[in-house]
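Below is one structure, written out as structure tokens, with a few remarks after it.
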Amino acid sequence: MLTGVRAMADEIAANSPLAVQGVKAVLSYSEEHSVADGLEYVAQWNSSFVQSNDVVEAVTAFIEKRPPAFSGD
């Protein structure tokens with residue numbers, strides 16, 4: 001079981017820190033709000049995230065067929 005937990009942690013850690021933070025915030029918010037409010041919150045997070053350097057890095061890395069180097073900016 002510990003091996004599986006470690007593998008999942010490594011997979012999460014390989015993602016953009018901003019994306020991970022956003023997912024955590026959205027899940028936390030959604031627990032106590034309506035679906036409509038949750039979707040609006042997701043839209044706000046998404047509009048902020050697409051302006052980040054991590055999105056540019058993700059697209060560039062994909063085009064260049066290399067692993068992304070996320071900065072959290």
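Chain lettering (A, B, ...) mirrors the order of the structure tokens, residue numbering begins at 1 for each chain separately, and ligand numbering begins at 1 in order of display.
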
(message) as a PyMOL selection string, please: the residues near Ser52 in chain A (cut-off 9 Å, only C-alpha atoms, same-chain neighbours under 5 positions excluded).
(response) chain A and resi 18+72-73

Take the residues that were just selected and, keeping N, CA and C atoms, output them as a short mmCIF file (atom, residue, chain, number, x, y, z; two decimals), in the first residue's frame.
data_model
loop_
_atom_site.label_atom_id
_atom_site.label_comp_id
_atom_site.auth_asym_id
_atom_site.auth_seq_id
_atom_site.Cartn_x
_atom_site.Cartn_y
_atom_site.Cartn_z
N LEU A 18 0.41 25.34 -9.10
CA LEU A 18 -0.81 26.15 -9.17
C LEU A 18 -2.03 25.29 -9.46
N GLY A 72 5.46 27.40 -10.75
CA GLY A 72 4.47 27.85 -9.78
C GLY A 72 4.08 29.30 -9.97
N ASP A 73 4.51 29.88 -11.10
CA ASP A 73 4.17 31.29 -11.40
C ASP A 73 3.02 31.36 -12.38
#

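Excluding Ala58 in chain A itself and any same-chain residue fewer than 5 positions from it, the protein and nucleic acid residues within 10 Å of it, counting only C-alpha atoms, are Asn15, Ser16, Asn53, Ile63, Glu64, Arg66, Pro67, Pro68, Ala69 and Phe70 of chain A.
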
(request) Would you mind telling me which residue in A:His33, A:Val23, A:Met1, A:Glu11 lies nearest to Asn46 in chain A when using only C-alpha atoms? (result)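 Answer, going by the shortest atom-to-atom distance: A:Val23.
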
(request) Determine the nearest neighbour of Gln44 in chain A from the options A:Pro17, A:Val26, A:Ser71, A:Asp10, counting only C-alpha atoms. (result)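 Among A:Pro17, A:Val26, A:Ser71, A:Asp10, it is A:Val26 that comes nearest to Gln44 in chain A.
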
(request) State, in Å with one decimal place, the distance from CA of Gln51 in chain A to CA of Gly22 in chain A. (result)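 According to the coordinates, CA of Gln51 in chain A and CA of Gly22 in chain A are separated by 13.5 Å.
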
(request) For Lys24 in chain A, please output as a count of residues only all residues within 12 Å (counting only C-alpha atoms; exclusion window: fewer than 5 positions along the same chain). (result) 9

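Across the model, the gap from CA of Thr60 in chain A to CA of Ser47 in chain A is 19.2 Å.
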
(message) If DSSP is run on the backbone, what residues of chain A are helix (DSSP H, G or I)? A reply as number ranges by chain would be ideal.
(response) A: 2-13, 17-31, 35-49, 53-64

Export, as a compact mmCIF listing (two decimals), in the first residue's frame, the selected residues with N, CA and C atoms.
# COMPACT_ATOMS: atom_id res chain seq x y z
N LEU A 2 1.94 1.26 0.77
CA LEU A 2 2.80 2.43 0.84
C LEU A 2 3.40 2.76 -0.52
N THR A 3 3.70 1.74 -1.30
CA THR A 3 4.24 1.96 -2.65
C THR A 3 3.22 2.69 -3.52
N GLY A 4 1.97 2.29 -3.43
CA GLY A 4 0.91 2.94 -4.19
C GLY A 4 0.70 4.38 -3.77
N VAL A 5 0.78 4.61 -2.47
CA VAL A 5 0.63 5.98 -1.94
C VAL A 5 1.77 6.85 -2.45
N ARG A 6 2.98 6.32 -2.41
CA ARG A 6 4.15 7.07 -2.88
C ARG A 6 4.03 7.38 -4.37
N ALA A 7 3.57 6.41 -5.15
CA ALA A 7 3.40 6.61 -6.59
C ALA A 7 2.38 7.71 -6.87
N MET A 8 1.29 7.71 -6.11
CA MET A 8 0.27 8.75 -6.29
C MET A 8 0.83 10.11 -5.89
N ALA A 9 1.57 10.17 -4.80
CA ALA A 9 2.17 11.43 -4.36
C ALA A 9 3.14 11.97 -5.42
N ASP A 10 3.94 11.08 -6.00
CA ASP A 10 4.87 11.49 -7.06
C ASP A 10 4.13 12.02 -8.28
N GLU A 11 3.02 11.37 -8.63
CA GLU A 11 2.22 11.81 -9.77
C GLU A 11 1.62 13.20 -9.52
N ILE A 12 1.12 13.42 -8.33
CA ILE A 12 0.56 14.74 -7.98
C ILE A 12 1.66 15.79 -7.99
N ALA A 13 2.82 15.46 -7.41
CA ALA A 13 3.92 16.41 -7.31
C ALA A 13 4.49 16.79 -8.68
N PRO A 17 2.28 23.31 -9.50
CA PRO A 17 1.85 23.65 -8.14
C PRO A 17 0.57 24.48 -8.12
N LEU A 18 0.41 25.34 -9.10
CA LEU A 18 -0.81 26.15 -9.17
C LEU A 18 -2.03 25.29 -9.46
N ALA A 19 -1.87 24.31 -10.32
CA ALA A 19 -2.99 23.42 -10.63
C ALA A 19 -3.37 22.58 -9.42
N VAL A 20 -2.38 22.07 -8.71
CA VAL A 20 -2.66 21.27 -7.51
C VAL A 20 -3.35 22.13 -6.46
N GLN A 21 -2.85 23.34 -6.25
CA GLN A 21 -3.48 24.26 -5.30
C GLN A 21 -4.91 24.56 -5.72
N GLY A 22 -5.12 24.77 -7.00
CA GLY A 22 -6.46 25.06 -7.50
C GLY A 22 -7.43 23.91 -7.29
N VAL A 23 -6.98 22.69 -7.55
CA VAL A 23 -7.84 21.52 -7.34
C VAL A 23 -8.21 21.40 -5.87
N LYS A 24 -7.23 21.58 -4.99
CA LYS A 24 -7.51 21.50 -3.56
C LYS A 24 -8.51 22.57 -3.13
N ALA A 25 -8.33 23.79 -3.63
CA ALA A 25 -9.23 24.88 -3.27
C ALA A 25 -10.64 24.63 -3.78
N VAL A 26 -10.75 24.17 -5.01
CA VAL A 26 -12.07 23.91 -5.60
C VAL A 26 -12.78 22.78 -4.86
N LEU A 27 -12.08 21.70 -4.56
CA LEU A 27 -12.69 20.60 -3.83
C LEU A 27 -13.15 21.04 -2.44
N SER A 28 -12.33 21.81 -1.78
CA SER A 28 -12.68 22.30 -0.45
C SER A 28 -13.90 23.23 -0.51
N TYR A 29 -13.90 24.12 -1.48
CA TYR A 29 -15.02 25.05 -1.64
C TYR A 29 -16.31 24.31 -1.96
N SER A 30 -16.20 23.31 -2.82
CA SER A 30 -17.38 22.59 -3.30
C SER A 30 -18.08 21.78 -2.22
N GLU A 31 -17.36 21.43 -1.18
CA GLU A 31 -17.96 20.65 -0.09
C GLU A 31 -19.09 21.40 0.60
N VAL A 35 -23.77 23.31 -6.36
CA VAL A 35 -23.09 22.96 -7.61
C VAL A 35 -22.87 24.21 -8.45
N ALA A 36 -23.88 25.06 -8.54
CA ALA A 36 -23.76 26.29 -9.34
C ALA A 36 -22.64 27.18 -8.79
N ASP A 37 -22.59 27.34 -7.48
CA ASP A 37 -21.53 28.15 -6.88
C ASP A 37 -20.16 27.51 -7.11
N GLY A 38 -20.11 26.18 -7.01
CA GLY A 38 -18.86 25.47 -7.26
C GLY A 38 -18.36 25.66 -8.67
N LEU A 39 -19.28 25.60 -9.63
CA LEU A 39 -18.88 25.79 -11.03
C LEU A 39 -18.39 27.21 -11.29
N GLU A 40 -19.01 28.18 -10.64
CA GLU A 40 -18.54 29.56 -10.79
C GLU A 40 -17.14 29.72 -10.20
N TYR A 41 -16.91 29.07 -9.08
CA TYR A 41 -15.59 29.11 -8.44
C TYR A 41 -14.53 28.47 -9.34
N VAL A 42 -14.89 27.36 -9.98
CA VAL A 42 -13.98 26.71 -10.93
C VAL A 42 -13.65 27.66 -12.07
N ALA A 43 -14.64 28.35 -12.58
CA ALA A 43 -14.42 29.29 -13.68
C ALA A 43 -13.46 30.40 -13.27
N GLN A 44 -13.59 30.88 -12.04
CA GLN A 44 -12.68 31.92 -11.55
C GLN A 44 -11.25 31.39 -11.46
N TRP A 45 -11.09 30.19 -10.91
CA TRP A 45 -9.76 29.60 -10.82
C TRP A 45 -9.17 29.39 -12.21
N ASN A 46 -9.98 28.87 -13.12
CA ASN A 46 -9.49 28.60 -14.47
C ASN A 46 -9.04 29.88 -15.17
N SER A 47 -9.80 30.94 -15.02
CA SER A 47 -9.42 32.19 -15.68
C SER A 47 -8.11 32.74 -15.12
N SER A 48 -7.86 32.52 -13.85
CA SER A 48 -6.59 32.93 -13.26
C SER A 48 -5.45 32.03 -13.72
N PHE A 49 -5.73 30.73 -13.75
CA PHE A 49 -4.68 29.77 -14.09
C PHE A 49 -4.19 29.92 -15.52
N ASN A 53 2.38 31.37 -15.95
CA ASN A 53 3.52 30.87 -16.72
C ASN A 53 3.50 29.35 -16.82
N ASP A 54 2.88 28.69 -15.85
CA ASP A 54 2.82 27.23 -15.88
C ASP A 54 2.02 26.71 -17.08
N VAL A 55 1.01 27.44 -17.50
CA VAL A 55 0.25 27.02 -18.68
C VAL A 55 1.13 27.11 -19.93
N VAL A 56 1.86 28.19 -20.04
CA VAL A 56 2.78 28.35 -21.18
C VAL A 56 3.81 27.23 -21.17
N GLU A 57 4.35 26.92 -19.99
CA GLU A 57 5.33 25.85 -19.88
C GLU A 57 4.73 24.50 -20.25
N ALA A 58 3.51 24.24 -19.83
CA ALA A 58 2.85 22.97 -20.14
C ALA A 58 2.69 22.80 -21.65
N VAL A 59 2.24 23.84 -22.32
CA VAL A 59 2.03 23.78 -23.77
C VAL A 59 3.37 23.65 -24.49
N THR A 60 4.34 24.44 -24.08
CA THR A 60 5.67 24.39 -24.70
C THR A 60 6.30 23.01 -24.53
N ALA A 61 6.22 22.47 -23.33
CA ALA A 61 6.79 21.14 -23.07
C ALA A 61 6.10 20.08 -23.91
N PHE A 62 4.80 20.19 -24.05
CA PHE A 62 4.05 19.23 -24.87
C PHE A 62 4.51 19.29 -26.32
N ILE A 63 4.62 20.50 -26.85
CA ILE A 63 5.05 20.68 -28.25
C ILE A 63 6.47 20.16 -28.44
N GLU A 64 7.34 20.44 -27.46
CA GLU A 64 8.74 20.01 -27.56
C GLU A 64 8.94 18.56 -27.11
